[in-house]
Structures are given as C-alpha cells and as structure tokens.
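Enquirer: File data.cif follows (mmCIF, C-alpha atoms and all ligand atoms):
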```cif
data_upload
loop_
_atom_site.label_atom_id
_atom_site.label_comp_id
_atom_site.auth_asym_id
_atom_site.auth_seq_id
_atom_site.Cartn_x
_atom_site.Cartn_y
_atom_site.Cartn_z
CA MET A 590 62.07 95.91 135.16
CA MET A 591 63.26 95.70 131.56
CA GLU A 592 63.41 92.36 129.81
CA ASN A 593 66.31 91.25 127.61
CA VAL A 594 65.02 90.08 124.25
CA THR A 595 68.51 89.77 122.76
CA PRO A 596 71.83 90.92 124.27
CA ASN A 597 71.30 94.38 122.67
CA VAL A 598 67.51 94.71 122.86
CA ARG A 599 65.48 95.52 125.97
CA THR A 600 61.78 96.13 126.37
CA GLU A 601 59.27 96.70 129.17
CA THR A 602 55.95 94.85 128.90
CA HIS A 603 54.75 95.05 132.50
CA SER A 604 53.76 98.65 133.18
CA ARG A 605 50.93 100.86 131.99
CA GLY A 606 51.54 102.31 128.55
CA CYS A 607 53.09 100.80 125.46
CA ASN A 608 56.11 98.50 125.42
CA PRO A 609 58.94 101.07 125.45
CA SER A 610 62.24 99.63 124.26
CA TYR A 611 65.85 100.42 123.45
CA VAL A 612 68.66 98.95 121.37
CA THR A 613 72.33 99.28 122.33
CA THR A 614 74.90 99.65 119.54
CA SER A 615 78.61 100.44 119.18
CA GLY A 616 77.49 103.97 118.24
CA GLY A 617 75.11 104.66 121.12
CA VAL A 618 71.56 103.82 122.05
CA VAL A 619 68.31 104.00 120.07
CA VAL A 620 65.02 104.32 122.00
CA ILE A 621 61.82 103.02 120.42
CA ASP A 622 58.71 104.53 122.06
CA THR A 623 58.87 106.22 125.44
CA PRO A 624 57.20 105.17 128.73
CA GLN A 625 53.92 107.00 129.38
CA LEU A 626 54.44 107.12 133.17
CA PRO A 627 56.88 109.85 134.32
CA THR A 628 58.91 107.81 136.81
CA LYS A 629 59.20 104.94 134.28
CA ALA A 630 60.35 107.39 131.61
CA LEU A 631 63.11 108.85 133.78
CA ALA A 632 64.21 105.39 134.93
CA MET A 633 64.39 104.06 131.38
CA ARG A 634 66.30 107.10 130.20
CA ALA A 635 68.89 106.62 132.95
CA GLU A 636 69.20 102.92 132.22
CA ALA A 637 69.53 103.51 128.46
CA GLU A 638 72.15 106.23 128.97
CA SER A 639 74.20 103.86 131.14
CA HIS A 640 74.92 101.99 127.86
CA GLY A 641 76.04 105.10 125.96
CA PRO A 642 74.55 108.31 124.60
CA ILE A 643 71.03 108.12 123.19
CA GLN A 644 71.30 108.92 119.47
CA TYR A 645 67.66 108.66 118.41
CA VAL A 646 64.20 108.41 119.94
CA ILE A 647 61.81 106.80 117.44
CA ASN A 648 58.02 106.82 117.90
CA THR A 649 56.07 104.04 116.15
CA GLU A 650 52.71 105.90 116.27
CA HIS A 651 51.01 109.04 117.60
CA HIS A 652 48.88 107.49 120.35
CA VAL A 653 49.54 109.04 123.76
CA ASP A 654 50.92 105.86 125.33
CA HIS A 655 53.79 105.87 122.76
CA ILE A 656 54.71 109.57 122.76
CA PHE A 657 53.87 111.26 126.05
CA GLY A 658 57.14 110.11 127.64
CA ASN A 659 59.12 112.02 124.97
CA TYR A 660 58.75 114.96 127.34
CA TYR A 661 61.19 113.26 129.72
CA PHE A 662 63.73 112.54 126.94
CA LYS A 663 64.51 116.16 126.04
CA GLY A 664 68.15 116.50 125.05
CA ALA A 665 68.53 112.73 124.62
CA GLY A 666 69.40 112.45 120.93
CA GLN A 667 67.14 113.38 118.06
CA VAL A 668 63.46 112.51 117.96
CA ILE A 669 62.34 111.01 114.65
CA HIS A 670 58.87 110.01 113.54
CA HIS A 671 56.63 109.82 110.50
CA LYS A 672 54.72 112.91 109.36
CA GLY A 673 51.52 111.13 110.39
CA VAL A 674 52.81 111.04 113.97
CA TYR A 675 54.00 114.65 113.83
CA ASP A 676 50.67 115.95 112.52
CA ASN A 677 48.63 114.12 115.20
CA PHE A 678 51.05 114.55 118.12
CA MET A 679 48.94 114.99 121.31
CA VAL A 680 46.05 116.45 119.27
CA PRO A 681 42.68 115.93 121.01
CA THR A 682 40.00 113.97 119.12
CA PRO A 683 36.24 113.98 119.77
CA LEU A 684 36.73 110.74 121.75
CA LEU A 685 39.83 111.45 123.81
CA ASP A 686 42.06 114.28 125.02
CA PRO A 687 45.50 112.62 125.14
CA PHE A 688 46.87 115.00 127.78
CA ASP A 689 43.92 114.25 130.10
CA TYR A 690 44.39 110.53 129.46
CA ALA A 691 48.07 110.77 130.45
CA ARG A 692 47.14 112.76 133.57
CA GLU A 693 44.37 110.41 134.74
CA ALA A 694 46.90 107.56 134.85
CA ILE A 695 49.05 109.27 137.48
CA PRO A 696 47.00 108.69 140.68
CA MET A 697 46.20 105.14 139.56
CA ASN A 698 49.51 103.95 138.16
CA ASP A 699 52.30 106.37 139.07
CA PRO A 700 51.47 108.43 142.19
CA GLU A 701 55.17 109.17 142.68
CA GLY A 702 55.17 110.78 139.23
CA ALA A 703 52.71 113.51 140.28
CA GLY A 704 55.51 115.90 141.23
CA ILE A 705 57.10 115.74 137.78
CA PHE A 706 53.87 115.75 135.77
CA PRO A 707 53.73 119.10 133.96
CA GLU A 708 50.89 121.58 133.81
CA ARG A 709 49.17 121.50 130.42
CA ASP A 710 50.52 124.89 129.23
CA VAL A 711 54.06 124.02 130.34
CA TYR A 712 53.91 120.66 128.60
CA PHE A 713 52.75 122.10 125.27
CA VAL A 714 55.60 124.64 125.13
CA ASP A 715 57.87 121.72 124.21
CA PRO A 716 56.47 118.17 124.27
CA ASN A 717 59.61 116.99 122.40
CA LYS A 718 58.12 116.29 119.00
CA ALA A 719 60.39 115.16 116.17
CA GLN A 720 63.36 117.12 114.94
CA ILE A 721 63.34 114.72 111.95
CA VAL A 722 60.02 114.11 110.16
CA PHE A 723 59.74 111.73 107.22
CA THR A 724 57.28 110.13 104.83
CA GLY A 725 57.65 106.67 103.33
CA ASP A 726 60.42 104.49 104.76
CA VAL A 727 63.73 105.55 106.35
CA THR A 728 66.92 103.67 107.23
CA LEU A 729 69.18 104.79 110.09
CA LYS A 730 72.69 103.46 110.62
CA VAL A 731 73.90 103.68 114.21
CA GLY A 732 77.22 102.02 115.00
CA ASP A 733 77.09 98.56 113.44
CA HIS A 734 73.29 98.42 113.55
CA THR A 735 70.62 99.15 110.95
CA PHE A 736 67.18 100.52 111.79
CA ASN A 737 64.69 100.14 108.95
CA LEU A 738 61.67 102.32 109.70
CA ILE A 739 58.97 100.74 107.54
CA TRP A 740 55.78 102.71 106.99
CA THR A 741 52.96 100.32 107.93
CA PRO A 742 49.77 102.43 108.18
CA GLY A 743 46.51 100.92 109.36
CA HIS A 744 46.30 101.17 113.14
CA THR A 745 47.30 104.82 112.68
CA PRO A 746 48.26 106.84 109.56
CA GLY A 747 51.87 107.41 110.65
CA GLN A 748 52.51 103.89 111.93
CA VAL A 749 56.02 102.46 111.48
CA ALA A 750 57.58 99.09 112.20
CA VAL A 751 61.24 99.26 113.23
CA HIS A 752 63.19 96.33 111.84
CA VAL A 753 66.68 95.72 113.24
CA PRO A 754 68.10 92.92 111.05
CA GLU A 755 71.30 92.45 113.10
CA GLU A 756 69.14 91.52 116.12
CA ARG A 757 66.49 89.63 114.09
CA VAL A 758 63.87 91.81 115.80
CA VAL A 759 60.97 93.97 114.68
CA PHE A 760 59.17 96.54 116.85
CA THR A 761 55.62 96.87 115.51
CA GLY A 762 53.91 99.42 117.75
CA ASP A 763 50.18 98.69 117.94
CA THR A 764 50.06 96.87 114.63
CA VAL A 765 50.36 93.98 117.09
CA PHE A 766 48.41 93.67 120.36
CA SER A 767 49.85 90.47 121.80
CA GLU A 768 47.23 88.52 123.78
CA VAL A 769 45.50 91.72 124.90
CA GLN A 770 42.47 93.61 123.57
CA THR A 771 42.90 95.27 120.17
CA TRP A 772 41.97 98.96 119.96
CA VAL A 773 40.40 99.06 116.47
CA MET A 774 38.55 102.37 116.88
CA ALA A 775 39.14 104.62 113.85
CA SER A 776 41.84 102.39 112.33
CA ASP A 777 41.80 101.36 108.69
CA VAL A 778 41.39 97.59 109.03
CA ASP A 779 42.26 96.77 105.41
CA GLN A 780 45.51 98.77 105.58
CA TRP A 781 46.26 97.17 108.94
CA ILE A 782 46.02 93.67 107.43
CA GLU A 783 48.38 94.75 104.65
CA ALA A 784 50.77 96.03 107.35
CA LEU A 785 50.70 92.60 109.00
CA ASN A 786 51.50 91.03 105.62
CA THR A 787 54.47 93.38 105.19
CA ILE A 788 55.84 92.55 108.63
CA SER A 789 55.29 88.81 108.14
CA ARG A 790 57.71 88.88 105.20
CA LEU A 791 60.60 90.01 107.43
CA ASP A 792 63.24 87.49 108.50
CA VAL A 793 63.07 87.89 112.29
CA ASP A 794 62.88 85.75 115.43
CA HIS A 795 61.24 88.26 117.77
CA VAL A 796 58.20 90.50 117.33
CA ILE A 797 58.04 93.22 119.98
CA PRO A 798 54.39 94.30 120.01
CA GLY A 799 52.92 97.63 121.08
CA HIS A 800 51.24 95.87 124.01
CA GLY A 801 51.47 92.46 125.67
CA PRO A 802 54.25 89.89 125.77
CA VAL A 803 57.04 89.60 123.20
CA THR A 804 55.95 87.20 120.50
CA ASP A 805 56.94 85.88 117.05
CA LEU A 806 55.80 86.02 113.43
CA ARG A 807 53.18 83.31 113.90
CA TYR A 808 51.16 85.63 116.14
CA LEU A 809 50.64 88.01 113.20
CA GLN A 810 48.08 85.53 111.85
CA THR A 811 46.21 85.66 115.18
CA GLN A 812 46.20 89.46 115.03
CA LYS A 813 44.84 89.28 111.49
CA ALA A 814 42.06 86.94 112.64
CA VAL A 815 41.07 89.31 115.47
CA LEU A 816 40.72 92.19 113.00
CA LEU A 817 38.77 90.10 110.49
CA GLU A 818 36.45 88.85 113.25
CA TRP A 819 35.61 92.38 114.34
CA LYS A 820 35.03 93.53 110.79
CA SER A 821 32.94 90.55 109.71
CA ALA A 822 30.84 90.58 112.90
CA VAL A 823 29.95 94.24 112.38
CA ALA A 824 29.45 93.75 108.63
CA MET A 825 26.99 90.96 109.46
CA ALA A 826 25.22 93.26 111.94
CA VAL A 827 24.81 95.89 109.23
CA ALA A 828 23.59 93.20 106.82
CA LYS A 829 20.92 92.18 109.33
CA GLY A 830 19.76 95.78 109.64
CA TRP A 831 20.84 96.18 113.26
CA SER A 832 21.08 99.76 114.50
CA ARG A 833 24.30 101.18 115.89
CA ASP A 834 23.08 100.63 119.46
CA GLU A 835 21.93 97.08 118.73
CA THR A 836 25.32 96.33 117.19
CA ILE A 837 27.19 97.70 120.21
CA ALA A 838 24.96 95.65 122.53
CA ARG A 839 25.46 92.40 120.59
CA VAL A 840 28.97 92.51 119.08
CA ASN A 841 31.48 92.16 121.84
CA PHE A 842 34.82 90.35 122.18
CA ALA A 843 35.48 91.20 125.83
CA ASP A 844 35.83 87.52 126.72
CA ARG A 845 38.67 86.99 124.25
CA TYR A 846 41.56 88.80 125.95
CA PRO A 847 42.16 91.08 128.94
CA VAL A 848 42.95 94.77 128.40
CA ASP A 849 46.66 95.56 128.71
CA ILE A 850 47.94 96.30 132.20
CA GLY A 851 46.68 99.45 133.92
CA GLN A 852 43.83 100.08 131.47
CA GLU A 853 41.43 97.33 132.60
CA TYR A 854 38.75 99.98 133.24
CA MET A 855 38.71 100.75 129.48
CA MET A 856 37.20 97.37 128.45
CA GLY A 857 33.70 98.76 127.91
CA TYR A 858 35.04 101.79 126.07
CA ILE A 859 37.08 99.60 123.69
CA GLN A 860 34.19 97.23 122.91
CA ARG A 861 31.71 100.10 122.43
CA HIS A 862 33.90 102.18 120.13
CA ASN A 863 35.37 99.28 118.17
CA ALA A 864 31.83 98.17 117.29
CA GLY A 865 30.33 101.65 116.93
CA ILE A 866 33.00 103.17 114.69
CA LEU A 867 33.13 100.07 112.47
CA TRP A 868 29.32 100.26 112.20
CA ASP A 869 29.58 103.94 111.14
CA LYS A 870 32.05 103.06 108.38
CA LEU A 871 30.40 99.86 107.16
CA SER A 872 26.88 101.30 107.11
CA ALA A 873 28.19 104.24 105.06
CA ASN A 874 30.10 101.86 102.73
CA GLN A 875 33.41 103.40 103.82
CA GLU A 876 35.08 100.15 104.89
ZN ZN B 1 49.51 101.68 122.30
#
```
Could you rewrite the structure in this file as structure tokens?

Expert:
Amino acid sequence: MMENVTPNVRTETHSRGCNPSYVTTSGGVVVIDTPQLPTKALAMRAEAESHGPIQYVINTEHHVDHIFGNYYFKGAGQVIHHKGVYDNFMVPTPLLDPFDYAREAIPMNDPEGAGIFPERDVYFVDPNKAQIVFTGDVTLKVGDHTFNLIWTPGHTPGQVAVHVPEERVVFTGDTVFSEVQTWVMASDVDQWIEALNTISRLDVDHVIPGHGPVTDLRYLQTQKAVLLEWKSAVAMAVAKGWSRDETIARVNFADRYPVDIGQEYMMGYIQRHNAGILWDKLSANQE
C-alpha cells in the first residue's frame, strides 16, 4: 500500500527493501528506487503507469534493495544513476552476493514472486542498468517538475539525494535510516556527515529516507548522532587497545532501533560488521 506524502509523491515504507517511490508530473511519472520484491515491483509499476508514462527510473545508490527491482521496469522510461551506482551494480563483495541476497528474500517475504524471479544467468543478460550515467549533480525537468540529483557520497560512492523543490521533498536513499538500524559497514562516515549537512540546507518539508518512516529535516541531526556514536565508540575501543573481536563483542547498538522490516534476522550481521569494519579502518588510521 503506497502512502501519499504530497498529492504528487507516493512512497512505500512497509515492505522488505528500500522505500521505493514515484512522483507524478504533467509530463509523466518519475520512479525513485525500485521495489526489491518481484510482486511489489510489478504492482508499483502498474500503479505508477496508471498516472502516465514512466519517463525516468532513478536509483539513489547501488545496494541491492534499491536496484534489483529495475529488472521489472524494463521498457519503463530511461534508467539514470550515478557512475558509482553503475560501476557497482549487483557486483558481489567479499561480504555479500547481492543476487543471492535478493533470492533469499523470496521464500520469506514474497513467495508469490518465486515464479517471476529470474535465474542468475537470465537476470545478468539485462538487469536494466542505467542508459544515462552521470558524475557530479544532474537536473532533470519533467513536465512542470524539477528533479535535482545531488551527489551525496558517504553511505555509498554513487549516492544521490533527489530534491523535488515543487513538492518540498527530498529522497535521500540510505543517507537516512529513519528510526531503524543504520548499515555503516564500509561507508565513509566523514563523507556521510557532509552529505547530511548538504541535505539539511535544502528548503523542504518532507525527507523520504531509504528505510523507515517518512521524516523531516530535524531527523538528520539524529542520523548524524548515530554515525558519530558508532565512530567514537570504535575509536575509543582502538584507543583502549581492544582487539577486533573484543570490539565486536563490546560495541553494540542493537538496543537502539529495530532492523527495517523483513531483515530482522540481520541484526547480528549489522552490529558485527559495523563494529568490525570501523575497527579495521580506525586501527589502520584510515578513518
Ligand atoms: Zn537500503
């Protein structure tokens, strides 16, 4: 069930994956991040197309929960994302194979989607990556609406915030985890804080986060505090001479927020890797 944020802006905050959204304009529809679950992706595409043709599909970052659903939006306008998204699109890392992560969600969260979930080799023939790849910032004009794609690296290298001034809305991707656990992992925390500063200077009423409920600019300070807490707690651990394992055992913010819907089983993974990867960087003087 999609939620109306403004008369032209809809988002979905209640199913597994990111908060996929779309904006209706006099010139068609713009989709911002696609649903990870197949049946949700097809349903959102149909709903969006009932308001007019989809002109663009924008991805705010390369993480699987923001891009996997692109597969179900083939032929629906042009896909546009930052070069940092393009270069990392569904690329496995030592920690996670994004295709496996998308597949493991199906029996748990979308059993009806099993029949339309592709085989790996079929999927990678055309996962619907961008036709338009950019660096820096980009502005799109669609009908009477403006879409400012603002490069805000930190959570990921190709992160963008999508500011729609006519709706007084910004879509941040995972630069904002609203009242749910923050996946710090390999992020650049200092850049991420600068990204929050950039977004906080926008003149908007609504912040549509990557995960969790729609919020406002005040929450950006809470997000900043969460990042600084993680970093200072691990920095203090390094200062005390704690080993990586000791740090993982002792630095833990699991009691602060739940994990976003459908990924509750990842709580231990998030705590372990947030602490462990920060320890790697801080103990090597790379953060
Ligand atoms: Zn996400």

Enquirer: Counting all atoms listed in the file, figure out which residue out of A:Gly673, A:Pro596, A:Gly830, A:Gly762 gets nearest to ligand ZN 1 (chain B).

Expert: A:Gly762

Enquirer: With only C-alpha atoms and all ligand atoms counted and 7 Å as the cut-off, give the residues of chain A in contact with ligand ZN 1 (chain B), each with its shortest interatomic distance in Å and the pair that gives it, as a tab-separated table.

Expert:
```
residue	atom	partner	partner_atom	distance
A:Gly606	CA	B:ZN1	ZN	6.6
A:Cys607	CA	B:ZN1	ZN	4.9
A:His652	CA	B:ZN1	ZN	6.2
A:Asp654	CA	B:ZN1	ZN	5.4
A:His655	CA	B:ZN1	ZN	6.0
A:Gly762	CA	B:ZN1	ZN	6.7
A:Asp763	CA	B:ZN1	ZN	5.3
A:Gly799	CA	B:ZN1	ZN	5.4
A:His800	CA	B:ZN1	ZN	6.3
```

Enquirer: Please produce, as a tab-separated table, a per-residue contact table for stretch 701-745 of chain A versus stretch 777-784 of chain A (criterion: any atom at most 7 Å away, all atoms listed in the file considered), showing the nearest atom pair and its distance in Å to one decimal, sorted by chain then residue number.

Expert:
```
residue	atom	partner	partner_atom	distance
A:Thr741	CA	A:Ala784	CA	4.9
A:Pro742	CA	A:Gln780	CA	6.2
A:Gly743	CA	A:Trp781	CA	3.8
A:His744	CA	A:Trp781	CA	5.8
```

Enquirer: Got time to write the residues from that selection, C-alpha atoms, as a compact mmCIF listing (two decimals), in the frame of the given file?

Expert:
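Contents of result-v7.txt, as written:
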```
# COMPACT_ATOMS: atom_id res chain seq x y z
CA THR A 741 52.96 100.32 107.93
CA PRO A 742 49.77 102.43 108.18
CA GLY A 743 46.51 100.92 109.36
CA HIS A 744 46.30 101.17 113.14
```

Enquirer: Kindly indicate which residue among A:Ala822, A:Val769, A:Val827, A:Leu817 lies nearest to A:Asp849, using only C-alpha atoms for the distances.

Expert: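 Using only C-alpha atoms, the shortest distance to A:Asp849 belongs to A:Val769.
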
Enquirer: Once 3 Å is added on each side, what are the centre and the three edge lengths, in Å to one decimal, of the axis-aligned box enclosing the listed atoms of stretch 807-824 of chain A? Present them as lines of an AutoDock Vina configuration file.

Expert:
```
center_x = 41.3
center_y = 88.8
center_z = 112.4
size_x = 29.7
size_y = 16.9
size_z = 13.5
```

Enquirer: Calculate how many Å separate atom CA of A:Arg839 from atom CA of A:Val823, rounding to one decimal.

Expert: 9.5 Å

Enquirer: Quote the spacing between atom CA of A:Asp676 and atom CA of A:Gln720 in Å to one decimal place.

Expert: 13.0 Å
